[in-house]
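Trainee: Structure provided below as C-alpha cells; questions to follow.
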Amino acid sequence: MARELSGLLTLTDFEDAARSVLDAASWAYVAGGADTQLTVRANTDAFDQVWLRPRALGGSGAKPDTSVTLLGQRLELPVLLAPTSPQRLLHEDAEIATARAAESAGTLSIVSTDSHHVFADVTGSVGSDSWFQLYAYRSRDDVAATIALAEEAGATAIVVTVDASYAARRISTRRAGFRTPAHVDFGNLRSLGVLTGEIPDGARIDRLPLTWDDLEWIRSRTDLPIVVKGVLRGEDAERCVGLGVEGVIVSNHGGRQLDGAVPSLIALEQVAAAISDRALVLLDGGVRSGVHVVKALALGADAVCIGRPYLWGLGLAGQQGVEAVLDLLRSEIEDTLLQLGAD
C-alpha cells in the first residue's frame, strides 16, 4: 500500500484515488454538499483569489518551523483533523486510525459525537490529546451526559458545532441512494442511550436547535476550553467570546448545510479582526494544499482544520493514508514558507 500512496503527489491525487475505490453512494456522501453544492466549490475557489507576496532575499535557508500552540498545547503542524462521521464508512478502524495518524504527525483530531467508536476507546488508543465535538441531542440532560462522557475520557477541549442543527438538502447524496451500511454504528450515541435500535438510513439523527442561552449553559457545565464551530460573522464571534468561549472555528460545515453560505476563507478576515487578540481562530473548509494553509494563516487563522482530504487518505489506507495526507501538507507548507522567504 505504501508504494501505491507514494505516487500521490497532491491532495487532488488522493481525491481521485479515493473516488476510484469507493462505491458511488459512499463517494456522494463524502464529497457532496447541500443543493447545487455552490458553497462546496466556493470554499476552495476562494483561495484562488488570495495572492502571496514573497520577500526578496529574505530566506535563511533553515527548515521552516511549522509548529503552533493552541489552547496551551504545542502542535507540530497547524493542521487539525476536523470532526467527521461516519468514518467507518471508509475504514474499519475509523476514528482510532484518524487519532493515531494525528498523533504520529504531532497534531490532534477532533472526534465527533457521532463517532463509530466510543470516545474513550479513541482516547485510549493514543497518548496525545483529542478534542471532543459536541452535538446536542434530545435534551439538556443528554447534552450534560455527553459532556461528562467527553470529560471522563480525557478530552482537552469541547468543540460545539452550531451550524448543523437542522437536516440539510443533500441532493447528490439522495440521488446516489446513500443508505448507512450495516457495519457503521454510533458508539457514543449507543452508550448515551440516544440511539437504540436500527441505524438511520441517512446517518442523521435529529438534534436540538441550539440558542445563545444553550451555549451559555454549556459553558457553565464544564471547565474545559470551548471552541465554537460554525461561526461566519464577526459579531457572532465577539458574542461567543463574551460568553467565555476560548475559540471559534470559521466554518460553513464544508458546504453541507446551506448552499450559498459565504466561503469560510472570505468570512475569516472579519472574524479574525473581531477576536484574534482575545481567542483562538481556526479555519475549516476548502483547504486543499499547504499553500492554502499558509494563506489562511496570513489572513488571521491560528491553524486550519481539514475534513474531506484526510477521509480520502483514510479510505485508501487507514491510518497510513491519513499520515500520508498530513505528511504531504507538511511538505507543502514548508516549501511555501521557504519560497516566501518567511523566517
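Convention: chains lettered A, B, ... in C-alpha cells order; per-chain residue numbering from 1; ligands numbered from 1 as shown.
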List every residue of segment 13-139 of chain A that DSSP, applied to the backbone of this structure, assigns to alpha helix (DSSP H), and report them as a PyMOL selection string.
Mentor: chain A and resi 13-21+24-31+38-45+94-105+119-124
Trainee: Considering only strand (DSSP E) as DSSP defines it on the backbone, what residues of segment 167-293 of chain A qualify? List them as a list in words.
Mentor: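 Matching residues for strand (DSSP E) in segment 167-293 of chain A are Ile226, Val227, Val228, Lys229, Gly230, Val231, Gly247, Val248, Ile249, Val250, Leu280, Val281, Leu282, Leu283 and Asp284 of chain A.
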Trainee: Excluding Asp302 of chain A and residues on its chain fewer than 6 positions from it, collect all residues at most 7 Å away from it, counting only C-alpha atoms, and give them as JSON, numbers by chain.
Mentor: {"A": [280, 281, 282]}
Trainee: Name all residues at most 9 Å from segment 309-317 of chain A (count only C-alpha atoms; drop same-chain ones fewer than 4 positions away) and give them as an mmCIF file with N, CA, C and O atoms, in the first residue's frame.
Mentor:
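Result written to around-v4.cif:
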```
data_model
loop_
_atom_site.group_PDB
_atom_site.id
_atom_site.type_symbol
_atom_site.label_atom_id
_atom_site.label_comp_id
_atom_site.auth_asym_id
_atom_site.auth_seq_id
_atom_site.Cartn_x
_atom_site.Cartn_y
_atom_site.Cartn_z
ATOM 1 N N MET A 1 0.822 -1.210 0.000
ATOM 2 C CA MET A 1 0.000 0.000 0.000
ATOM 3 C C MET A 1 0.854 1.258 0.000
ATOM 4 O O MET A 1 0.535 2.254 -0.617
ATOM 5 N N ALA A 2 1.978 1.237 0.716
ATOM 6 C CA ALA A 2 2.845 2.412 0.763
ATOM 7 C C ALA A 2 3.327 2.780 -0.633
ATOM 8 O O ALA A 2 3.440 3.947 -0.968
ATOM 9 N N LEU A 5 0.604 4.665 -2.414
ATOM 10 C CA LEU A 5 0.456 6.023 -1.919
ATOM 11 C C LEU A 5 1.589 6.921 -2.390
ATOM 12 O O LEU A 5 1.406 8.133 -2.532
ATOM 13 N N LEU A 11 -3.158 16.640 -3.092
ATOM 14 C CA LEU A 11 -4.414 16.191 -2.492
ATOM 15 C C LEU A 11 -5.449 15.841 -3.560
ATOM 16 O O LEU A 11 -6.310 14.985 -3.327
ATOM 17 N N THR A 12 -5.346 16.455 -4.724
ATOM 18 C CA THR A 12 -6.233 16.070 -5.827
ATOM 19 C C THR A 12 -5.975 14.629 -6.240
ATOM 20 O O THR A 12 -6.907 13.889 -6.586
ATOM 21 N N PHE A 14 -5.019 12.269 -4.189
ATOM 22 C CA PHE A 14 -5.692 11.473 -3.162
ATOM 23 C C PHE A 14 -7.202 11.422 -3.409
ATOM 24 O O PHE A 14 -7.838 10.374 -3.244
ATOM 25 N N GLU A 15 -7.765 12.565 -3.793
ATOM 26 C CA GLU A 15 -9.206 12.613 -4.072
ATOM 27 C C GLU A 15 -9.571 11.668 -5.210
ATOM 28 O O GLU A 15 -10.525 10.882 -5.111
ATOM 29 N N ASP A 16 -8.825 11.726 -6.287
ATOM 30 C CA ASP A 16 -9.110 10.871 -7.445
ATOM 31 C C ASP A 16 -8.952 9.394 -7.088
ATOM 32 O O ASP A 16 -9.763 8.555 -7.505
ATOM 33 N N ALA A 17 -7.915 9.079 -6.318
ATOM 34 C CA ALA A 17 -7.695 7.687 -5.933
ATOM 35 C C ALA A 17 -8.802 7.185 -5.022
ATOM 36 O O ALA A 17 -9.277 6.050 -5.158
ATOM 37 N N ALA A 18 -9.241 8.023 -4.088
ATOM 38 C CA ALA A 18 -10.313 7.612 -3.180
ATOM 39 C C ALA A 18 -11.617 7.415 -3.936
ATOM 40 O O ALA A 18 -12.372 6.462 -3.667
ATOM 41 N N ARG A 19 -11.891 8.281 -4.883
ATOM 42 C CA ARG A 19 -13.120 8.128 -5.668
ATOM 43 C C ARG A 19 -13.128 6.802 -6.410
ATOM 44 O O ARG A 19 -14.174 6.160 -6.559
ATOM 45 N N VAL A 21 -11.944 3.957 -5.458
ATOM 46 C CA VAL A 21 -12.101 2.762 -4.629
ATOM 47 C C VAL A 21 -13.406 2.747 -3.836
ATOM 48 O O VAL A 21 -13.781 1.704 -3.301
ATOM 49 N N LEU A 22 -14.118 3.865 -3.766
ATOM 50 C CA LEU A 22 -15.387 3.910 -3.042
ATOM 51 C C LEU A 22 -16.558 3.677 -3.992
ATOM 52 O O LEU A 22 -16.509 4.069 -5.167
ATOM 53 N N VAL A 30 -19.524 11.421 1.051
ATOM 54 C CA VAL A 30 -18.289 12.082 1.480
ATOM 55 C C VAL A 30 -18.084 13.407 0.742
ATOM 56 O O VAL A 30 -17.753 14.438 1.349
ATOM 57 N N LEU A 81 -7.445 17.692 12.445
ATOM 58 C CA LEU A 81 -8.384 16.830 11.735
ATOM 59 C C LEU A 81 -9.779 17.115 12.258
ATOM 60 O O LEU A 81 -10.089 16.852 13.418
ATOM 61 N N THR A 84 -15.626 14.395 11.639
ATOM 62 C CA THR A 84 -16.408 13.877 10.517
ATOM 63 C C THR A 84 -17.039 12.555 10.929
ATOM 64 O O THR A 84 -16.546 11.860 11.807
ATOM 65 N N GLN A 87 -16.948 7.778 9.917
ATOM 66 C CA GLN A 87 -15.645 7.382 9.371
ATOM 67 C C GLN A 87 -15.564 5.885 9.090
ATOM 68 O O GLN A 87 -14.747 5.451 8.280
ATOM 69 N N LEU A 89 -17.442 4.311 7.420
ATOM 70 C CA LEU A 89 -17.809 4.169 6.019
ATOM 71 C C LEU A 89 -16.573 3.970 5.154
ATOM 72 O O LEU A 89 -16.622 3.322 4.107
ATOM 73 N N LEU A 90 -15.425 4.507 5.617
ATOM 74 C CA LEU A 90 -14.206 4.496 4.826
ATOM 75 C C LEU A 90 -13.195 3.448 5.265
ATOM 76 O O LEU A 90 -12.434 2.940 4.453
ATOM 77 N N HIS A 91 -13.161 3.152 6.578
ATOM 78 C CA HIS A 91 -12.185 2.181 7.066
ATOM 79 C C HIS A 91 -12.663 1.622 8.399
ATOM 80 O O HIS A 91 -13.243 2.345 9.212
ATOM 81 N N ALA A 94 -11.688 3.490 11.582
ATOM 82 C CA ALA A 94 -12.393 4.760 11.722
ATOM 83 C C ALA A 94 -11.617 5.770 12.556
ATOM 84 O O ALA A 94 -10.458 6.067 12.261
ATOM 85 N N ALA A 97 -7.986 5.095 13.795
ATOM 86 C CA ALA A 97 -6.935 5.302 12.799
ATOM 87 C C ALA A 97 -6.640 6.787 12.635
ATOM 88 O O ALA A 97 -5.472 7.202 12.545
ATOM 89 N N THR A 98 -7.680 7.606 12.632
ATOM 90 C CA THR A 98 -7.510 9.050 12.469
ATOM 91 C C THR A 98 -6.733 9.639 13.641
ATOM 92 O O THR A 98 -5.804 10.443 13.452
ATOM 93 N N VAL A 287 -9.664 23.704 2.290
ATOM 94 C CA VAL A 287 -8.200 23.593 2.292
ATOM 95 C C VAL A 287 -7.794 22.364 1.472
ATOM 96 O O VAL A 287 -8.172 21.239 1.793
ATOM 97 N N ARG A 288 -7.000 22.604 0.434
ATOM 98 C CA ARG A 288 -6.597 21.515 -0.453
ATOM 99 C C ARG A 288 -5.100 21.497 -0.733
ATOM 100 O O ARG A 288 -4.649 20.777 -1.630
ATOM 101 N N GLY A 321 -2.854 6.059 5.353
ATOM 102 C CA GLY A 321 -3.330 7.016 4.369
ATOM 103 C C GLY A 321 -3.507 8.410 4.950
ATOM 104 O O GLY A 321 -3.170 9.414 4.300
ATOM 105 N N VAL A 322 -4.035 8.502 6.181
ATOM 106 C CA VAL A 322 -4.179 9.805 6.833
ATOM 107 C C VAL A 322 -2.805 10.406 7.099
ATOM 108 O O VAL A 322 -2.580 11.606 6.904
ATOM 109 N N GLU A 323 -1.864 9.578 7.546
ATOM 110 C CA GLU A 323 -0.496 10.061 7.762
ATOM 111 C C GLU A 323 0.101 10.607 6.466
ATOM 112 O O GLU A 323 0.801 11.635 6.477
ATOM 113 N N ALA A 324 -0.173 9.933 5.355
ATOM 114 C CA ALA A 324 0.372 10.389 4.077
ATOM 115 C C ALA A 324 -0.187 11.754 3.691
ATOM 116 O O ALA A 324 0.530 12.604 3.152
ATOM 117 N N VAL A 325 -1.468 11.983 3.960
ATOM 118 C CA VAL A 325 -2.069 13.294 3.685
ATOM 119 C C VAL A 325 -1.406 14.373 4.534
ATOM 120 O O VAL A 325 -1.054 15.452 4.036
ATOM 121 N N LEU A 326 -1.203 14.093 5.813
ATOM 122 C CA LEU A 326 -0.584 15.077 6.699
ATOM 123 C C LEU A 326 0.883 15.310 6.343
ATOM 124 O O LEU A 326 1.374 16.444 6.412
#
```
Trainee: For Leu215 of chain A, find every residue with an atom within 12 Å (counting only C-alpha atoms), except residues of its own chain fewer than 5 positions away, and show them as a short mmCIF file (atom, residue, chain, number, x, y, z; two decimals) with all heavy atoms, in the first residue's frame.
Mentor:
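Saved file result-v8.cif follows:
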```cif
data_model
loop_
_atom_site.label_atom_id
_atom_site.label_comp_id
_atom_site.auth_asym_id
_atom_site.auth_seq_id
_atom_site.Cartn_x
_atom_site.Cartn_y
_atom_site.Cartn_z
N LEU A 134 -19.14 18.36 20.07
CA LEU A 134 -20.43 18.17 20.73
C LEU A 134 -21.59 18.51 19.81
O LEU A 134 -21.71 19.64 19.33
CB LEU A 134 -20.50 19.05 21.98
CG LEU A 134 -21.82 19.05 22.75
CD1 LEU A 134 -22.07 17.68 23.39
CD2 LEU A 134 -21.83 20.14 23.81
N TYR A 135 -22.47 17.52 19.58
CA TYR A 135 -23.80 17.76 19.03
C TYR A 135 -24.80 17.67 20.17
O TYR A 135 -24.62 16.87 21.10
CB TYR A 135 -24.16 16.70 17.97
CG TYR A 135 -23.60 16.95 16.60
CD1 TYR A 135 -22.99 15.91 15.89
CD2 TYR A 135 -23.71 18.19 15.98
CE1 TYR A 135 -22.49 16.11 14.61
CE2 TYR A 135 -23.20 18.40 14.70
CZ TYR A 135 -22.60 17.35 14.03
OH TYR A 135 -22.10 17.56 12.77
N ALA A 136 -25.86 18.45 20.09
CA ALA A 136 -26.90 18.46 21.13
C ALA A 136 -28.05 17.55 20.70
O ALA A 136 -28.71 17.80 19.69
CB ALA A 136 -27.40 19.87 21.36
N ARG A 140 -31.25 18.83 27.46
CA ARG A 140 -30.07 19.30 28.17
C ARG A 140 -29.48 18.19 29.04
O ARG A 140 -28.25 18.15 29.24
CB ARG A 140 -30.40 20.53 29.01
CG ARG A 140 -30.49 21.81 28.19
CD ARG A 140 -30.55 23.04 29.08
NE ARG A 140 -30.47 24.27 28.29
CZ ARG A 140 -30.45 25.49 28.81
NH1 ARG A 140 -30.50 25.64 30.14
NH2 ARG A 140 -30.37 26.55 28.03
N VAL A 143 -27.27 16.36 26.80
CA VAL A 143 -26.07 17.15 26.50
C VAL A 143 -25.11 17.11 27.68
O VAL A 143 -23.90 16.95 27.51
CB VAL A 143 -26.45 18.60 26.14
CG1 VAL A 143 -25.19 19.45 25.96
CG2 VAL A 143 -27.29 18.63 24.87
N ILE A 158 -13.79 21.07 24.26
CA ILE A 158 -15.09 20.73 23.72
C ILE A 158 -15.35 21.65 22.53
O ILE A 158 -15.27 22.88 22.65
CB ILE A 158 -16.21 20.93 24.76
CG1 ILE A 158 -15.97 20.06 26.00
CG2 ILE A 158 -17.58 20.63 24.14
CD1 ILE A 158 -16.14 18.58 25.79
N VAL A 159 -15.65 21.06 21.38
CA VAL A 159 -15.95 21.82 20.17
C VAL A 159 -17.45 21.73 19.92
O VAL A 159 -17.97 20.66 19.60
CB VAL A 159 -15.17 21.27 18.95
CG1 VAL A 159 -15.56 22.01 17.68
CG2 VAL A 159 -13.67 21.39 19.20
N VAL A 160 -18.15 22.84 20.10
CA VAL A 160 -19.61 22.87 19.97
C VAL A 160 -19.97 23.28 18.54
O VAL A 160 -19.70 24.41 18.12
CB VAL A 160 -20.24 23.85 20.97
CG1 VAL A 160 -21.77 23.81 20.86
CG2 VAL A 160 -19.81 23.52 22.40
N THR A 161 -20.56 22.37 17.79
CA THR A 161 -20.98 22.67 16.42
C THR A 161 -22.34 23.34 16.44
O THR A 161 -23.30 22.79 16.99
CB THR A 161 -21.04 21.39 15.57
OG1 THR A 161 -19.71 20.86 15.44
CG2 THR A 161 -21.58 21.69 14.18
N VAL A 162 -22.43 24.54 15.84
CA VAL A 162 -23.66 25.32 15.92
C VAL A 162 -24.33 25.53 14.56
O VAL A 162 -25.35 26.22 14.48
CB VAL A 162 -23.39 26.69 16.59
CG1 VAL A 162 -22.87 26.50 18.00
CG2 VAL A 162 -22.42 27.54 15.76
N PRO A 209 -32.10 22.35 18.14
CA PRO A 209 -31.61 23.64 17.64
C PRO A 209 -30.99 24.42 18.79
O PRO A 209 -31.63 24.64 19.82
CB PRO A 209 -32.89 24.33 17.13
CG PRO A 209 -33.90 23.24 16.99
CD PRO A 209 -33.56 22.22 18.03
N LEU A 210 -29.73 24.81 18.64
CA LEU A 210 -29.03 25.50 19.71
C LEU A 210 -29.29 27.00 19.69
O LEU A 210 -29.46 27.61 18.63
CB LEU A 210 -27.52 25.25 19.60
CG LEU A 210 -27.04 23.86 19.98
CD1 LEU A 210 -25.56 23.70 19.66
CD2 LEU A 210 -27.29 23.58 21.46
N SER A 220 -21.30 26.78 31.22
CA SER A 220 -21.37 26.61 32.68
C SER A 220 -21.20 25.17 33.12
O SER A 220 -20.98 24.92 34.30
CB SER A 220 -22.72 27.14 33.18
OG SER A 220 -23.80 26.26 32.84
N ARG A 221 -21.29 24.23 32.17
CA ARG A 221 -21.28 22.80 32.52
C ARG A 221 -19.88 22.20 32.57
O ARG A 221 -19.71 21.07 33.03
CB ARG A 221 -22.11 21.99 31.52
CG ARG A 221 -23.58 22.26 31.51
CD ARG A 221 -24.27 21.86 32.79
NE ARG A 221 -23.98 20.47 33.17
CZ ARG A 221 -24.58 19.85 34.19
NH1 ARG A 221 -25.47 20.50 34.92
NH2 ARG A 221 -24.28 18.60 34.48
N THR A 222 -18.87 22.92 32.08
CA THR A 222 -17.54 22.32 32.00
C THR A 222 -16.46 23.37 32.21
O THR A 222 -16.64 24.54 31.88
CB THR A 222 -17.32 21.63 30.64
OG1 THR A 222 -16.03 21.02 30.60
CG2 THR A 222 -17.46 22.60 29.49
N ILE A 226 -13.74 25.75 25.48
CA ILE A 226 -14.80 25.55 24.50
C ILE A 226 -14.46 26.30 23.22
O ILE A 226 -14.07 27.48 23.26
CB ILE A 226 -16.17 26.01 25.04
CG1 ILE A 226 -16.66 25.05 26.12
CG2 ILE A 226 -17.21 26.10 23.91
CD1 ILE A 226 -17.99 25.43 26.73
N VAL A 227 -14.59 25.61 22.11
CA VAL A 227 -14.40 26.19 20.78
C VAL A 227 -15.72 26.02 20.03
O VAL A 227 -16.28 24.92 20.00
CB VAL A 227 -13.25 25.49 20.03
CG1 VAL A 227 -13.09 26.08 18.63
CG2 VAL A 227 -11.95 25.60 20.81
N VAL A 228 -16.22 27.09 19.45
CA VAL A 228 -17.50 27.04 18.74
C VAL A 228 -17.24 26.91 17.25
O VAL A 228 -16.57 27.76 16.64
CB VAL A 228 -18.34 28.30 19.04
CG1 VAL A 228 -19.64 28.28 18.21
CG2 VAL A 228 -18.69 28.36 20.53
N LYS A 229 -17.77 25.87 16.66
CA LYS A 229 -17.57 25.58 15.23
C LYS A 229 -18.81 25.97 14.44
O LYS A 229 -19.92 25.51 14.76
CB LYS A 229 -17.26 24.10 15.04
CG LYS A 229 -17.00 23.70 13.58
CD LYS A 229 -16.60 22.23 13.50
CE LYS A 229 -16.26 21.81 12.08
NZ LYS A 229 -17.48 21.70 11.23
N ARG A 239 -19.65 37.68 20.37
CA ARG A 239 -20.63 37.23 21.37
C ARG A 239 -20.18 35.92 22.01
O ARG A 239 -20.36 35.72 23.21
CB ARG A 239 -22.00 37.08 20.72
CG ARG A 239 -23.14 36.90 21.72
CD ARG A 239 -24.49 37.06 21.06
NE ARG A 239 -25.57 36.91 22.04
CZ ARG A 239 -26.86 36.97 21.74
NH1 ARG A 239 -27.23 37.22 20.49
NH2 ARG A 239 -27.78 36.81 22.68
N CYS A 240 -19.59 35.04 21.22
CA CYS A 240 -19.05 33.80 21.77
C CYS A 240 -17.99 34.10 22.83
O CYS A 240 -18.00 33.53 23.93
CB CYS A 240 -18.43 32.95 20.66
SG CYS A 240 -19.60 32.13 19.55
N VAL A 241 -17.07 34.98 22.49
CA VAL A 241 -16.00 35.33 23.42
C VAL A 241 -16.59 35.96 24.68
O VAL A 241 -16.13 35.70 25.80
CB VAL A 241 -14.98 36.26 22.75
CG1 VAL A 241 -13.95 36.75 23.76
CG2 VAL A 241 -14.28 35.53 21.60
N GLY A 242 -17.62 36.77 24.52
CA GLY A 242 -18.27 37.38 25.66
C GLY A 242 -18.89 36.38 26.61
O GLY A 242 -19.06 36.66 27.81
N LEU A 243 -19.23 35.20 26.10
CA LEU A 243 -19.79 34.14 26.94
C LEU A 243 -18.72 33.25 27.55
O LEU A 243 -19.03 32.26 28.22
CB LEU A 243 -20.76 33.28 26.12
CG LEU A 243 -22.07 33.96 25.70
CD1 LEU A 243 -22.90 33.02 24.82
CD2 LEU A 243 -22.88 34.39 26.91
N GLY A 244 -17.45 33.59 27.31
CA GLY A 244 -16.36 32.82 27.91
C GLY A 244 -15.81 31.72 27.05
O GLY A 244 -15.06 30.86 27.54
N VAL A 245 -16.15 31.73 25.76
CA VAL A 245 -15.63 30.72 24.84
C VAL A 245 -14.17 31.05 24.50
O VAL A 245 -13.81 32.21 24.33
CB VAL A 245 -16.50 30.69 23.57
CG1 VAL A 245 -15.79 30.00 22.42
CG2 VAL A 245 -17.84 30.03 23.86
#
```
Trainee: For a quick check of understanding, using only C-alpha atoms, which of A:Pro225, A:Gly255, A:Gly193, A:Gly187 has the smallest distance to Arg88 of chain A?
Mentor: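 Going through A:Pro225, A:Gly255, A:Gly193, A:Gly187 one by one, the smallest distance to Arg88 of chain A is for A:Gly187.
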Trainee: May I have the residues within 9 Å of Ile266 of chain A as an MDAnalysis selection string, using only C-alpha atoms and disregarding those fewer than 2 positions away in the same chain?
Mentor: chainID A and resid 43 46:47 232 262:264 268:270
Trainee: Rank nothing, just name the residue among A:Ile333, A:Leu265, A:Val118, A:Ala342 nearest to Leu77 of chain A, using only C-alpha atoms.
Mentor: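 Result for the nearest residue to Leu77 of chain A: A:Ile333.
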Trainee: What's the separation between atom CA of Gln257 of chain A and atom CA of Val271 of chain A, in Å to one decimal place?
Mentor: 20.0 Å
Trainee: Write out as a short mmCIF file (atom, residue, chain, number, x, y, z; two decimals) with N, CA and C atoms, in the first residue's frame each polymer residue whose atoms come within 9 Å of Thr107 of chain A, counting only C-alpha atoms; drop sequence neighbours fewer than 6 positions from it.
Mentor:
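To be explicit, this is the file written out as around14.cif:
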```
data_model
loop_
_atom_site.label_atom_id
_atom_site.label_comp_id
_atom_site.auth_asym_id
_atom_site.auth_seq_id
_atom_site.Cartn_x
_atom_site.Cartn_y
_atom_site.Cartn_z
N ARG A 74 1.24 22.58 22.31
CA ARG A 74 2.11 22.76 21.15
C ARG A 74 1.86 21.63 20.15
N LEU A 75 1.62 22.02 18.91
CA LEU A 75 1.43 21.07 17.82
C LEU A 75 2.52 21.29 16.79
N GLU A 76 2.94 20.22 16.16
CA GLU A 76 3.99 20.30 15.16
C GLU A 76 3.51 20.79 13.81
N LEU A 77 2.20 20.87 13.65
CA LEU A 77 1.62 21.20 12.35
C LEU A 77 0.37 22.04 12.57
N PRO A 78 0.17 23.11 11.81
CA PRO A 78 -1.02 23.95 12.00
C PRO A 78 -2.24 23.39 11.27
N VAL A 79 -2.39 22.08 11.32
CA VAL A 79 -3.49 21.40 10.63
C VAL A 79 -4.11 20.40 11.60
N LEU A 80 -5.39 20.61 11.93
CA LEU A 80 -6.12 19.69 12.79
C LEU A 80 -7.06 18.86 11.93
N LEU A 81 -7.44 17.69 12.45
CA LEU A 81 -8.38 16.83 11.73
C LEU A 81 -9.78 17.12 12.26
N ALA A 101 -3.08 8.66 13.49
CA ALA A 101 -2.36 9.40 12.45
C ALA A 101 -2.07 10.82 12.90
N SER A 128 -1.75 11.11 23.09
CA SER A 128 -1.82 12.56 22.92
C SER A 128 -3.25 13.04 23.15
N ASP A 129 -3.41 14.35 23.10
CA ASP A 129 -4.71 14.95 23.36
C ASP A 129 -5.66 14.80 22.18
#
```
